[in-house]
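*Asks:* Handing over target15.cif, mmCIF, C-alpha atoms.
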data_model
loop_
_atom_site.label_atom_id
_atom_site.label_comp_id
_atom_site.auth_asym_id
_atom_site.auth_seq_id
_atom_site.Cartn_x
_atom_site.Cartn_y
_atom_site.Cartn_z
CA MET X 210 51.60 -44.35 -52.61
CA LYS X 211 55.09 -44.86 -51.16
CA GLN X 212 54.43 -43.51 -47.75
CA ILE X 213 56.35 -43.50 -44.50
CA VAL X 214 54.31 -44.38 -41.45
CA VAL X 215 55.53 -43.28 -38.02
CA LEU X 216 54.12 -44.86 -34.87
CA GLY X 217 54.16 -42.64 -31.78
CA SER X 218 53.83 -38.88 -31.25
CA GLY X 219 56.48 -38.40 -28.57
CA LEU X 220 59.78 -36.62 -28.97
CA ALA X 221 61.22 -39.44 -31.13
CA GLY X 222 58.31 -39.66 -33.57
CA TYR X 223 57.87 -35.92 -34.03
CA SER X 224 61.61 -35.22 -34.17
CA VAL X 225 62.26 -37.69 -36.98
CA ILE X 226 59.43 -36.11 -39.00
CA ARG X 227 60.61 -32.57 -38.24
CA GLU X 228 64.14 -33.49 -39.37
CA LEU X 229 62.84 -35.30 -42.45
CA ARG X 230 60.81 -32.26 -43.51
CA LYS X 231 63.99 -30.16 -43.47
CA LEU X 232 65.27 -32.51 -46.20
CA ASP X 233 62.11 -33.45 -48.06
CA ARG X 234 58.68 -31.79 -48.08
CA ASP X 235 57.10 -34.27 -50.49
CA ILE X 236 57.37 -37.82 -49.14
CA PRO X 237 53.91 -38.65 -47.79
CA VAL X 238 54.05 -39.26 -44.04
CA THR X 239 51.32 -40.59 -41.76
CA LEU X 240 51.72 -40.42 -38.00
CA VAL X 241 49.69 -42.88 -35.93
CA THR X 242 49.31 -42.23 -32.20
CA ARG X 243 47.06 -43.49 -29.46
CA ASP X 244 47.44 -40.08 -27.79
CA SER X 245 45.94 -36.78 -28.91
CA GLY X 246 48.98 -35.90 -30.99
CA ASP X 247 49.46 -32.61 -29.14
CA TYR X 248 53.17 -31.80 -28.98
CA TYR X 249 54.72 -31.25 -25.57
CA SER X 250 58.12 -31.59 -24.01
CA LYS X 251 58.25 -34.76 -21.92
CA PRO X 252 61.22 -33.62 -19.80
CA MET X 253 59.00 -30.79 -18.54
CA LEU X 254 56.62 -33.25 -16.86
CA SER X 255 59.06 -33.50 -13.97
CA ASN X 256 59.66 -29.79 -13.54
CA ALA X 257 56.33 -28.16 -14.36
CA PHE X 258 54.75 -28.38 -10.94
CA ALA X 259 56.67 -25.63 -9.22
CA GLN X 260 55.89 -23.41 -12.22
CA GLY X 261 52.19 -24.02 -11.58
CA LYS X 262 51.64 -25.38 -15.10
CA ASP X 263 48.65 -27.56 -15.82
CA ALA X 264 48.62 -30.15 -18.60
CA ALA X 265 47.13 -27.76 -21.16
CA GLY X 266 49.85 -25.26 -20.32
CA LEU X 267 52.51 -27.82 -21.28
CA VAL X 268 51.21 -28.27 -24.81
CA LEU X 269 53.59 -26.40 -27.09
CA THR X 270 51.73 -27.07 -30.36
CA ARG X 271 48.26 -28.53 -30.87
CA ALA X 272 47.96 -31.72 -32.91
CA ALA X 273 46.18 -30.06 -35.85
CA ASP X 274 48.87 -27.36 -36.06
CA MET X 275 51.64 -29.98 -35.94
CA ALA X 276 50.00 -31.87 -38.83
CA ALA X 277 49.67 -28.66 -40.87
CA GLN X 278 53.21 -27.43 -40.13
CA LEU X 279 54.78 -30.77 -40.97
CA GLY X 280 52.50 -31.58 -43.90
CA ILE X 281 51.50 -34.99 -42.56
CA THR X 282 48.38 -37.07 -42.07
CA LEU X 283 47.74 -37.51 -38.36
CA LEU X 284 45.75 -40.46 -37.06
CA ALA X 285 45.21 -39.58 -33.39
CA LYS X 286 43.52 -41.75 -30.77
CA THR X 287 44.43 -44.70 -32.97
CA GLU X 288 46.04 -47.92 -31.77
CA VAL X 289 48.11 -50.16 -34.01
CA GLN X 290 47.10 -53.76 -33.43
CA ALA X 291 49.44 -55.66 -35.75
CA ILE X 292 52.13 -55.27 -38.40
CA ASP X 293 51.65 -57.44 -41.49
CA ARG X 294 55.23 -57.36 -42.77
CA ALA X 295 54.64 -59.61 -45.77
CA ASN X 296 52.05 -57.21 -47.19
CA LYS X 297 53.46 -54.03 -45.59
CA LYS X 298 50.20 -53.20 -43.91
CA LEU X 299 49.15 -52.18 -40.42
CA ALA X 300 45.96 -53.23 -38.71
CA THR X 301 44.74 -50.26 -36.65
CA THR X 302 41.63 -49.25 -34.75
CA ALA X 303 41.02 -46.85 -37.68
CA GLY X 304 41.33 -49.57 -40.33
CA GLU X 305 44.12 -50.84 -42.56
CA LEU X 306 47.09 -48.68 -43.41
CA ALA X 307 49.76 -49.44 -46.01
CA TYR X 308 53.38 -48.43 -45.50
CA ASP X 309 56.46 -48.40 -47.65
CA ARG X 310 58.73 -47.78 -44.68
CA LEU X 311 57.71 -47.94 -41.04
CA VAL X 312 59.24 -46.06 -38.08
CA ILE X 313 58.45 -47.40 -34.62
CA ALA X 314 58.76 -44.72 -31.93
CA LEU X 315 56.37 -46.05 -29.33
CA GLY X 316 58.40 -45.21 -26.24
CA ALA X 317 58.40 -47.12 -22.98
CA ASP X 318 56.11 -48.11 -20.14
CA PRO X 319 56.78 -47.29 -16.51
CA ILE X 320 58.04 -50.31 -14.58
CA ARG X 321 55.68 -51.14 -11.73
CA ILE X 322 56.98 -52.85 -8.63
CA PRO X 323 54.32 -55.04 -7.01
CA VAL X 324 53.19 -53.80 -3.58
CA GLN X 325 50.71 -55.22 -1.08
CA GLY X 326 47.87 -53.43 0.68
CA ASP X 327 44.30 -52.27 0.03
CA ALA X 328 45.46 -49.17 -1.85
CA ALA X 329 48.17 -50.78 -3.99
CA ASP X 330 46.30 -49.66 -7.11
CA ALA X 331 46.47 -46.02 -5.99
CA VAL X 332 50.19 -45.82 -6.85
CA MET X 333 50.55 -43.40 -9.76
CA SER X 334 53.19 -42.91 -12.40
CA VAL X 335 53.75 -40.00 -14.76
CA ASN X 336 54.92 -41.06 -18.20
CA ASP X 337 52.90 -38.78 -20.48
CA ILE X 338 50.84 -35.63 -20.44
CA ALA X 339 47.59 -37.49 -19.67
CA ASP X 340 49.23 -38.96 -16.53
CA TYR X 341 50.35 -35.45 -15.61
CA ALA X 342 46.79 -34.14 -15.97
CA GLN X 343 45.63 -36.97 -13.69
CA LEU X 344 48.32 -36.12 -11.17
CA ARG X 345 47.31 -32.45 -11.10
CA LYS X 346 43.74 -33.53 -10.33
CA SER X 347 44.91 -35.86 -7.57
CA VAL X 348 46.91 -33.27 -5.62
CA GLN X 349 43.84 -31.42 -4.34
CA GLY X 350 44.20 -31.36 -0.56
CA VAL X 351 47.53 -33.19 -0.65
CA ALA X 352 50.31 -32.10 1.71
CA HIS X 353 52.71 -35.04 1.62
CA ILE X 354 53.88 -37.01 -1.42
CA THR X 355 55.95 -40.20 -1.46
CA ILE X 356 58.09 -41.06 -4.45
CA MET X 357 59.22 -44.63 -5.07
CA GLY X 358 62.61 -44.31 -6.75
CA GLY X 359 65.53 -41.95 -6.18
CA GLY X 360 66.84 -41.93 -9.73
CA LEU X 361 66.73 -39.11 -12.25
CA ILE X 362 62.95 -38.77 -12.51
CA GLY X 363 62.42 -39.39 -8.78
CA CYS X 364 64.93 -36.69 -7.83
CA GLU X 365 63.52 -34.21 -10.36
CA PHE X 366 59.97 -34.73 -9.07
CA ALA X 367 61.15 -34.48 -5.46
CA ASN X 368 62.86 -31.15 -6.14
CA ASP X 369 59.90 -29.84 -8.14
CA TRP X 370 57.26 -30.68 -5.55
CA ALA X 371 59.33 -29.58 -2.58
CA THR X 372 59.78 -26.24 -4.33
CA ALA X 373 56.01 -26.10 -4.86
CA GLY X 374 55.56 -26.42 -1.08
CA TYR X 375 54.81 -30.13 -0.60
CA LYS X 376 56.54 -32.36 1.91
CA VAL X 377 58.19 -35.19 -0.02
CA SER X 378 59.53 -38.61 1.00
CA VAL X 379 61.73 -40.57 -1.40
CA VAL X 380 62.05 -44.34 -0.93
CA ASP X 381 64.72 -46.25 -2.85
CA PRO X 382 66.31 -49.66 -2.30
CA GLY X 383 69.68 -48.33 -3.50
CA PRO X 384 72.29 -46.69 -1.26
CA TYR X 385 72.07 -43.03 -2.43
CA PRO X 386 70.40 -40.77 -5.04
CA LEU X 387 71.14 -41.30 -8.76
CA ALA X 388 73.03 -44.50 -7.92
CA SER X 389 72.75 -45.94 -11.44
CA LEU X 390 74.36 -42.84 -12.95
CA MET X 391 77.23 -41.88 -10.65
CA PRO X 392 79.53 -42.82 -7.79
CA GLU X 393 78.44 -42.44 -4.19
CA GLN X 394 80.43 -39.33 -3.39
CA ALA X 395 78.62 -37.47 -6.19
CA GLY X 396 75.13 -38.86 -5.57
CA ARG X 397 75.32 -38.00 -1.87
CA GLN X 398 75.72 -34.31 -2.77
CA LEU X 399 71.96 -34.15 -3.35
CA LEU X 400 71.03 -35.31 0.15
CA ALA X 401 71.45 -32.11 2.15
CA PRO X 402 70.31 -29.53 -0.45
CA LEU X 403 67.07 -31.43 -1.10
CA ALA X 404 66.53 -32.14 2.60
CA GLU X 405 66.73 -28.41 3.18
CA ILE X 406 63.77 -27.77 0.88
CA GLY X 407 61.65 -30.50 2.49
CA VAL X 408 62.72 -33.90 1.08
CA ASP X 409 62.96 -36.80 3.50
CA TRP X 410 65.10 -39.69 2.20
CA HIS X 411 64.70 -43.44 2.84
CA PHE X 412 67.47 -45.44 1.19
CA GLY X 413 68.15 -49.15 1.42
CA THR X 414 64.47 -50.02 1.66
CA SER X 415 61.33 -50.15 -0.45
CA VAL X 416 57.55 -49.76 -0.17
CA SER X 417 55.94 -53.08 0.84
CA ARG X 418 52.36 -51.99 1.57
CA VAL X 419 50.06 -49.12 0.69
CA ASP X 420 46.91 -49.01 2.83
CA ARG X 421 44.12 -46.46 3.01
CA HIS X 422 44.10 -44.35 6.14
CA GLU X 423 41.59 -41.56 6.67
CA ASN X 424 41.98 -39.30 3.60
CA GLY X 425 45.44 -40.59 2.70
CA TYR X 426 47.59 -43.68 2.94
CA THR X 427 49.80 -45.52 5.37
CA LEU X 428 52.94 -46.85 3.72
CA THR X 429 54.82 -49.74 5.26
CA LEU X 430 58.42 -49.99 4.17
CA ALA X 431 60.42 -53.22 4.00
CA ASP X 432 62.45 -52.10 7.02
CA GLY X 433 59.27 -51.72 9.09
CA THR X 434 59.10 -47.90 8.97
CA GLN X 435 55.59 -46.50 8.53
CA LEU X 436 54.90 -43.25 6.68
CA GLN X 437 51.67 -41.27 6.49
CA THR X 438 51.28 -39.83 3.02
CA ASP X 439 48.63 -38.40 0.71
CA LEU X 440 49.89 -39.50 -2.69
CA VAL X 441 52.30 -42.20 -3.93
CA LEU X 442 54.19 -41.90 -7.18
CA SER X 443 56.31 -44.65 -8.70
CA ALA X 444 59.38 -43.54 -10.68
CA VAL X 445 61.52 -46.66 -10.74
CA GLY X 446 62.34 -46.82 -14.43
CA LEU X 447 61.01 -47.57 -17.91
CA ARG X 448 60.63 -50.70 -20.00
CA PRO X 449 60.78 -50.35 -23.80
CA ARG X 450 57.50 -51.11 -25.58
CA ILE X 451 58.36 -54.08 -27.75
CA ALA X 452 55.12 -56.12 -27.83
CA LEU X 453 53.97 -54.95 -31.28
CA ALA X 454 57.39 -55.55 -32.85
CA GLN X 455 57.80 -58.88 -31.11
CA ALA X 456 54.38 -60.11 -32.28
CA ALA X 457 55.40 -59.19 -35.84
CA GLY X 458 58.50 -61.36 -35.52
CA LEU X 459 61.07 -58.55 -35.40
CA ALA X 460 64.25 -59.22 -33.44
CA VAL X 461 63.89 -57.85 -29.91
CA ASN X 462 65.93 -57.98 -26.77
CA ARG X 463 65.36 -55.42 -24.03
CA GLY X 464 64.26 -53.05 -26.82
CA ILE X 465 63.59 -53.46 -30.54
CA LYS X 466 66.98 -54.44 -31.94
CA VAL X 467 68.28 -51.99 -34.56
CA ASP X 468 71.64 -51.33 -36.20
CA ALA X 469 73.47 -48.00 -36.36
CA SER X 470 71.13 -46.93 -39.17
CA LEU X 471 68.20 -47.55 -36.80
CA ARG X 472 67.10 -50.44 -39.04
CA SER X 473 65.43 -53.46 -37.45
CA SER X 474 65.70 -57.08 -38.60
CA ASP X 475 63.21 -56.07 -41.34
CA ALA X 476 64.87 -53.68 -43.82
CA ALA X 477 61.66 -51.62 -44.20
CA ILE X 478 61.17 -51.09 -40.48
CA PHE X 479 63.12 -48.69 -38.25
CA ALA X 480 62.94 -47.88 -34.56
CA LEU X 481 64.26 -45.08 -32.36
CA GLY X 482 63.72 -43.54 -28.97
CA ASP X 483 62.90 -45.33 -25.73
CA CYS X 484 61.59 -48.46 -27.52
CA ALA X 485 64.80 -49.08 -29.48
CA GLU X 486 67.96 -50.94 -28.62
CA ILE X 487 70.61 -49.41 -30.85
CA GLU X 488 73.55 -51.76 -31.41
CA GLY X 489 72.82 -53.43 -28.09
CA LYS X 490 72.13 -50.30 -26.06
CA VAL X 491 68.84 -48.77 -24.99
CA GLN X 492 69.61 -45.05 -24.95
CA PRO X 493 66.91 -43.08 -23.22
CA PHE X 494 67.22 -39.31 -22.60
CA VAL X 495 66.84 -36.49 -25.05
CA LEU X 496 70.22 -36.15 -26.77
CA PRO X 497 70.41 -39.72 -28.13
CA ILE X 498 66.89 -39.31 -29.52
CA MET X 499 67.76 -36.06 -31.29
CA ASN X 500 70.90 -37.57 -32.81
CA ALA X 501 69.06 -40.71 -33.88
CA ALA X 502 66.23 -38.64 -35.38
CA ARG X 503 68.65 -36.61 -37.51
CA ALA X 504 70.43 -39.69 -38.82
CA LEU X 505 67.22 -41.58 -39.52
CA ALA X 506 65.70 -38.58 -41.34
CA LYS X 507 68.69 -38.61 -43.73
CA THR X 508 68.37 -42.34 -44.29
CA LEU X 509 64.64 -41.98 -44.99
CA ALA X 510 65.36 -39.13 -47.40
CA GLY X 511 67.67 -41.43 -49.37
CA GLU X 512 71.11 -40.90 -47.88
CA GLU X 513 71.99 -43.91 -45.73
CA THR X 514 73.34 -42.42 -42.48
CA PRO X 515 74.43 -44.43 -39.46
CA VAL X 516 74.01 -42.49 -36.24
CA VAL X 517 77.21 -41.36 -34.55
CA PHE X 518 76.66 -40.36 -30.97
CA PRO X 519 78.81 -37.54 -29.60
CA ALA X 520 79.43 -37.17 -25.87
CA MET X 521 75.93 -36.83 -24.44
CA PRO X 522 75.94 -35.50 -20.88
CA VAL X 523 72.72 -36.00 -18.97
CA VAL X 524 71.38 -32.98 -17.10
CA VAL X 525 69.42 -33.70 -13.94
CA LYS X 526 67.00 -30.85 -13.33
CA THR X 527 67.38 -30.48 -9.57
CA PRO X 528 67.75 -26.72 -9.10
CA ALA X 529 68.43 -27.21 -5.35
CA HIS X 530 71.68 -28.88 -6.45
CA PRO X 531 72.10 -29.13 -10.24
CA VAL X 532 73.80 -32.17 -11.75
CA ALA X 533 75.35 -32.96 -15.14
CA VAL X 534 76.76 -36.41 -15.71
CA LEU X 535 78.36 -38.35 -18.51
CA PRO X 536 77.81 -41.84 -17.16
CA VAL X 537 80.18 -44.72 -17.77
CA ALA X 538 79.17 -48.31 -18.47
CA ARG X 539 78.58 -50.45 -15.41
CA ASP X 540 81.50 -52.69 -16.41
CA ALA X 541 83.88 -49.86 -17.39
CA VAL X 542 87.44 -50.40 -16.18
CA GLY X 543 89.01 -47.42 -14.44
CA ASN X 544 88.59 -45.10 -11.47
CA TRP X 545 86.53 -42.12 -10.43
CA GLN X 546 88.81 -39.30 -9.41
CA LEU X 547 87.75 -36.30 -7.37
CA ARG X 548 88.95 -33.10 -9.05
CA ALA X 549 87.26 -30.46 -6.90
CA ASN X 550 84.76 -30.30 -4.07
CA SER X 551 83.42 -27.09 -2.66
CA ASP X 552 79.62 -26.62 -2.95
CA GLY X 553 79.38 -29.75 -5.08
CA VAL X 554 81.86 -32.10 -6.69
CA LYS X 555 83.72 -32.38 -9.97
CA MET X 556 84.68 -35.97 -10.66
CA ALA X 557 86.29 -37.58 -13.69
CA PHE X 558 86.33 -41.23 -14.66
CA LEU X 559 89.78 -42.21 -15.86
CA ASP X 560 90.11 -45.40 -17.89
CA ALA X 561 93.01 -47.85 -17.76
CA ASP X 562 95.13 -45.47 -19.90
CA ALA X 563 94.30 -42.55 -17.57
CA ARG X 564 92.11 -40.92 -20.23
CA MET X 565 88.81 -39.36 -19.19
CA SER X 566 85.78 -41.33 -20.39
CA GLY X 567 83.09 -39.98 -18.08
CA PHE X 568 82.40 -37.24 -15.56
CA VAL X 569 79.99 -35.96 -13.00
CA LEU X 570 79.53 -32.32 -12.07
CA THR X 571 77.27 -31.23 -9.23
CA GLY X 572 76.33 -27.94 -7.61
CA ARG X 573 78.35 -25.01 -8.85
CA TYR X 574 80.37 -27.23 -11.22
CA ALA X 575 77.27 -28.36 -13.18
CA ALA X 576 77.62 -25.47 -15.63
CA GLU X 577 81.05 -26.75 -16.76
CA ARG X 578 79.71 -29.68 -18.78
CA ASN X 579 80.74 -28.28 -22.15
CA GLU X 580 84.31 -27.69 -21.00
CA MET X 581 84.44 -31.17 -19.49
CA SER X 582 83.04 -32.75 -22.66
CA LYS X 583 85.90 -31.20 -24.61
CA LEU X 584 88.41 -33.02 -22.39
CA LEU X 585 86.95 -36.45 -23.10
CA GLY X 586 89.44 -39.01 -24.35
CA GLN X 587 92.34 -36.90 -23.15
CA PRO X 588 94.75 -37.72 -20.39
CA LEU X 589 94.12 -35.51 -17.39
CA PRO X 590 96.99 -34.11 -15.38
CA ALA X 591 97.76 -36.32 -12.40
CA GLY X 592 96.33 -35.45 -9.03
CA THR X 593 93.51 -33.11 -8.29
CA SER X 594 93.01 -29.48 -9.19
CA HIS X 595 93.99 -26.75 -6.76
CA GLU X 596 90.43 -26.41 -5.54
CA ALA X 597 90.24 -29.95 -4.21
CA LYS X 598 90.20 -30.50 -0.49
CA VAL X 599 90.02 -34.24 -0.24
CA MET V 44 63.59 -8.18 -24.46
CA LYS V 45 61.91 -11.53 -25.12
CA VAL V 46 61.94 -15.01 -23.68
CA TRP V 47 62.40 -18.10 -25.86
CA GLN V 48 61.77 -21.70 -25.06
CA CYS V 49 63.29 -24.92 -26.43
CA VAL V 50 60.49 -27.04 -27.91
CA VAL V 51 62.35 -30.21 -27.01
CA CYS V 52 63.24 -29.89 -23.35
CA GLY V 53 61.62 -26.68 -22.17
CA PHE V 54 64.91 -24.83 -21.65
CA ILE V 55 64.25 -21.10 -21.39
CA TYR V 56 66.39 -18.38 -22.91
CA ASP V 57 65.73 -14.97 -21.41
CA GLU V 58 67.34 -12.18 -23.47
CA THR V 59 67.56 -9.96 -20.37
CA LYS V 60 69.67 -12.52 -18.53
CA GLY V 61 71.66 -13.97 -21.40
CA LEU V 62 73.74 -17.07 -20.67
CA PRO V 63 76.91 -15.73 -19.07
CA GLU V 64 78.21 -19.27 -18.34
CA GLU V 65 78.13 -19.93 -22.11
CA GLY V 66 79.71 -16.61 -22.99
CA ILE V 67 76.44 -14.93 -24.03
CA LYS V 68 76.13 -11.58 -22.32
CA PRO V 69 72.96 -10.34 -20.60
CA GLY V 70 70.87 -8.38 -23.09
CA THR V 71 71.91 -10.50 -26.09
CA LYS V 72 68.99 -10.70 -28.51
CA TRP V 73 67.97 -14.12 -29.76
CA ALA V 74 68.69 -12.99 -33.31
CA ASP V 75 72.30 -12.21 -32.35
CA ILE V 76 73.07 -15.70 -31.03
CA PRO V 77 75.16 -17.65 -33.56
CA GLU V 78 73.30 -20.12 -35.78
CA ASN V 79 75.57 -22.93 -34.60
CA TRP V 80 74.49 -22.43 -31.00
CA ALA V 81 72.61 -25.38 -29.51
CA CYS V 82 70.39 -25.75 -26.46
CA PRO V 83 72.65 -26.49 -23.49
CA ASP V 84 70.17 -28.99 -22.03
CA CYS V 85 69.20 -31.10 -25.03
CA GLY V 86 71.42 -30.07 -27.91
CA VAL V 87 68.74 -28.98 -30.39
CA ALA V 88 69.73 -26.33 -32.88
CA LYS V 89 68.68 -22.70 -32.69
CA ALA V 90 66.18 -23.26 -35.51
CA ASP V 91 64.21 -25.66 -33.32
CA PHE V 92 63.43 -23.07 -30.68
CA GLU V 93 59.98 -21.64 -30.39
CA MET V 94 59.10 -18.26 -28.94
CA ILE V 95 56.84 -18.07 -25.93
CA GLU V 96 54.86 -15.04 -24.72
CA VAL V 97 56.14 -13.06 -21.78
#
What is this structure when it is put down as structure tokens?

*Replies:*
Amino acid sequence: MKQIVVLGSGLAGYSVIRELRKLDRDIPVTLVTRDSGDYYSKPMLSNAFAQGKDAAGLVLTRAADMAAQLGITLLAKTEVQAIDRANKKLATTAGELAYDRLVIALGADPIRIPVQGDAADAVMSVNDIADYAQLRKSVQGVAHITIMGGGLIGCEFANDWATAGYKVSVVDPGPYPLASLMPEQAGRQLLAPLAEIGVDWHFGTSVSRVDRHENGYTLTLADGTQLQTDLVLSAVGLRPRIALAQAAGLAVNRGIKVDASLRSSDAAIFALGDCAEIEGKVQPFVLPIMNAARALAKTLAGEETPVVFPAMPVVVKTPAHPVAVLPVARDAVGNWQLRANSDGVKMAFLDADARMSGFVLTGRYAAERNEMSKLLGQPLPAGTSHEAKV
Amino acid sequence: MKVWQCVVCGFIYDETKGLPEEGIKPGTKWADIPENWACPDCGVAKADFEMIEV
């Protein structure tokens, strides 16, 4: 049978199947996942705490219901060990599985920074719903939490837990929050609003040691500061899962290399989501995945469709000071210009031709992302808007 | 009045509150939101929303 096999039951894997089923109910599809196959929203992992949700409460649709709704065969709790490309077969913990076309949507692993100390192995990370369940178990009796990493996930967790009543310390070697996404003036807007709800910031340093102390831990930072804490969470970034593809001889770089049609160096194998490097770019976050899933579904249904990404602002869920950002490439040529700054900032990145190619909106401006997206590629009037008090 | 949730990112639409910043008035029923509307957080289409109990 000419079946499509999808590896991974995260947003990427399920979205491509959901989109494919809108176009074709008949192509046989098998989904292989090492997880339970329950469908949940990963972005909610970093804002479910304050809502008091446990892991079961985050499941939107049970695995069996997903399989029935989508008309697929679901192999849960199953690991894929190898891809035999010559014979188009997978070796799995549930036996051999033949594919006609293969979609790799295996996601990414949390990056772990090595630390010293007798409790170094107690550092947690939350990358899936099972990790979240573990975290919920670990917070019994906890009053103070330390987060390694002040990026998007670190800031979202910090806001969520502070709202839930925990004291939170954030430790990051960078100079200010969200430093990889936006200029300093914008990132610094988060400092005071999060401090007000109980977040204590430590920038320009990192965690060197984690040692047990009474019921919690003593953290030693690189700058010599010591912190007493009850739980340590690492949120320093993700690394695409490429081992399976690499072992099968597919072209990989940081992620699995695919073209605009999400096709790898093997014409029968596709990749999307956090494990994929699309035309040289790993594009995490939700919007790129949804766009890639729609395009790939069309290609799989028979209509070759390269993905075209629209402007995809990233929303940082920090209710204490909301943020929406359309980041620019690290090597982009141009300038950040402040357009307005009262209770937050509105900043635009103007390229060499004075056209807007990125923006950041914080605080009360965060809701204007659709209006700002419409101005992309256009020249902005010189100077700042009337609201600006620079 | 009901509450709806985006299956992709968890965004919540509360009919009582509407989405005034997107031009959707408080009290707007889910059924009355245009089909071309998309979740402001993740961009999924209206058809991908799932209702949650209130």

*Asks:* With the file shown as input, list the residues that the PyMOL selection byres ((chain X) within 12 of (chain V)) selects, as a tab-separated table (two decimals) with C-alpha atoms, in the coordinates of the input.

*Replies:*
chain	number	residue	atom	x	y	z
X	219	GLY	CA	56.48	-38.40	-28.57
X	220	LEU	CA	59.78	-36.62	-28.97
X	221	ALA	CA	61.22	-39.44	-31.13
X	223	TYR	CA	57.87	-35.92	-34.03
X	224	SER	CA	61.61	-35.22	-34.17
X	227	ARG	CA	60.61	-32.57	-38.24
X	228	GLU	CA	64.14	-33.49	-39.37
X	231	LYS	CA	63.99	-30.16	-43.47
X	248	TYR	CA	53.17	-31.80	-28.98
X	249	TYR	CA	54.72	-31.25	-25.57
X	250	SER	CA	58.12	-31.59	-24.01
X	251	LYS	CA	58.25	-34.76	-21.92
X	252	PRO	CA	61.22	-33.62	-19.80
X	253	MET	CA	59.00	-30.79	-18.54
X	254	LEU	CA	56.62	-33.25	-16.86
X	255	SER	CA	59.06	-33.50	-13.97
X	256	ASN	CA	59.66	-29.79	-13.54
X	257	ALA	CA	56.33	-28.16	-14.36
X	260	GLN	CA	55.89	-23.41	-12.22
X	266	GLY	CA	49.85	-25.26	-20.32
X	267	LEU	CA	52.51	-27.82	-21.28
X	268	VAL	CA	51.21	-28.27	-24.81
X	269	LEU	CA	53.59	-26.40	-27.09
X	270	THR	CA	51.73	-27.07	-30.36
X	494	PHE	CA	67.22	-39.31	-22.60
X	495	VAL	CA	66.84	-36.49	-25.05
X	496	LEU	CA	70.22	-36.15	-26.77
X	497	PRO	CA	70.41	-39.72	-28.13
X	498	ILE	CA	66.89	-39.31	-29.52
X	499	MET	CA	67.76	-36.06	-31.29
X	500	ASN	CA	70.90	-37.57	-32.81
X	502	ALA	CA	66.23	-38.64	-35.38
X	503	ARG	CA	68.65	-36.61	-37.51
X	518	PHE	CA	76.66	-40.36	-30.97
X	519	PRO	CA	78.81	-37.54	-29.60
X	520	ALA	CA	79.43	-37.17	-25.87
X	521	MET	CA	75.93	-36.83	-24.44
X	522	PRO	CA	75.94	-35.50	-20.88
X	523	VAL	CA	72.72	-36.00	-18.97
X	524	VAL	CA	71.38	-32.98	-17.10
X	525	VAL	CA	69.42	-33.70	-13.94
X	526	LYS	CA	67.00	-30.85	-13.33
X	531	PRO	CA	72.10	-29.13	-10.24
X	532	VAL	CA	73.80	-32.17	-11.75
X	533	ALA	CA	75.35	-32.96	-15.14
X	534	VAL	CA	76.76	-36.41	-15.71
X	573	ARG	CA	78.35	-25.01	-8.85
X	574	TYR	CA	80.37	-27.23	-11.22
X	575	ALA	CA	77.27	-28.36	-13.18
X	576	ALA	CA	77.62	-25.47	-15.63
X	577	GLU	CA	81.05	-26.75	-16.76
X	578	ARG	CA	79.71	-29.68	-18.78
X	579	ASN	CA	80.74	-28.28	-22.15
X	580	GLU	CA	84.31	-27.69	-21.00

*Asks:* Find, counting only C-alpha atoms, the residue in X:Asp318, X:Asp233, X:Asp244, X:Asp340 that gets nearest to Ala272 of chain X.

*Replies:*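 Using only C-alpha atoms, the shortest distance to Ala272 of chain X belongs to X:Asp244.
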
*Asks:* Just say which residues the PyMOL selection byres ((chain V and resi 59) around 7) picks in this file, as a PyMOL selection string.

*Replies:* chain V and resi 44+57-58+60-61+69-70

*Asks:* Please indicate the distance in Å from atom CA of Leu570 of chain X to atom CA of Phe412 of chain X, rounded to one decimal place.

*Replies:* 22.2 Å

*Asks:* Just how far from atom CA of Glu365 of chain X is atom CA of Gly246 of chain X, in Å to one decimal?

*Replies:*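 Result for atom CA of Gly246 of chain X versus atom CA of Glu365 of chain X: 25.3 Å, one decimal.
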
*Asks:* Show me, as JSON, the centre and edge lengths in Å to one decimal of the axis-aligned box that covers every listed atom of segment 58-63 of chain V with 8 Å on each side.

*Replies:*
{"center_x": 72.1, "center_y": -13.5, "center_z": -21.0, "size_x": 25.6, "size_y": 23.1, "size_z": 20.9}

*Asks:* Evaluate the PyMOL selection byres ((chain V and resi 73-75) around 8) here and jot the selected residues down as an MDAnalysis selection string.

*Replies:* chainID V and resid 47 58 71:72 76:77

*Asks:* Between atom CA of Asp468 of chain X and atom CA of Lys297 of chain X, what is the spacing in Å?

*Replies:* 20.6 Å

*Asks:* Report as a PDB file with C-alpha atoms, in the frame of the given file all protein, DNA and RNA residues lying within 10 Å of Ala339 of chain X, evaluated on all atoms listed in the file, omitting residues in the same chain fewer than 2 positions from it.

*Replies:*
ATOM      1  CA  ASP X 244      47.440 -40.080 -27.790  1.00  0.00           C
ATOM      2  CA  SER X 245      45.940 -36.780 -28.910  1.00  0.00           C
ATOM      3  CA  ALA X 264      48.620 -30.150 -18.600  1.00  0.00           C
ATOM      4  CA  ALA X 265      47.130 -27.760 -21.160  1.00  0.00           C
ATOM      5  CA  VAL X 335      53.750 -40.000 -14.760  1.00  0.00           C
ATOM      6  CA  ASN X 336      54.920 -41.060 -18.200  1.00  0.00           C
ATOM      7  CA  ASP X 337      52.900 -38.780 -20.480  1.00  0.00           C
ATOM      8  CA  TYR X 341      50.350 -35.450 -15.610  1.00  0.00           C
ATOM      9  CA  ALA X 342      46.790 -34.140 -15.970  1.00  0.00           C
ATOM     10  CA  GLN X 343      45.630 -36.970 -13.690  1.00  0.00           C
ATOM     11  CA  LEU X 344      48.320 -36.120 -11.170  1.00  0.00           C
ATOM     12  CA  ARG X 345      47.310 -32.450 -11.100  1.00  0.00           C
TER      13      ARG X 345
END
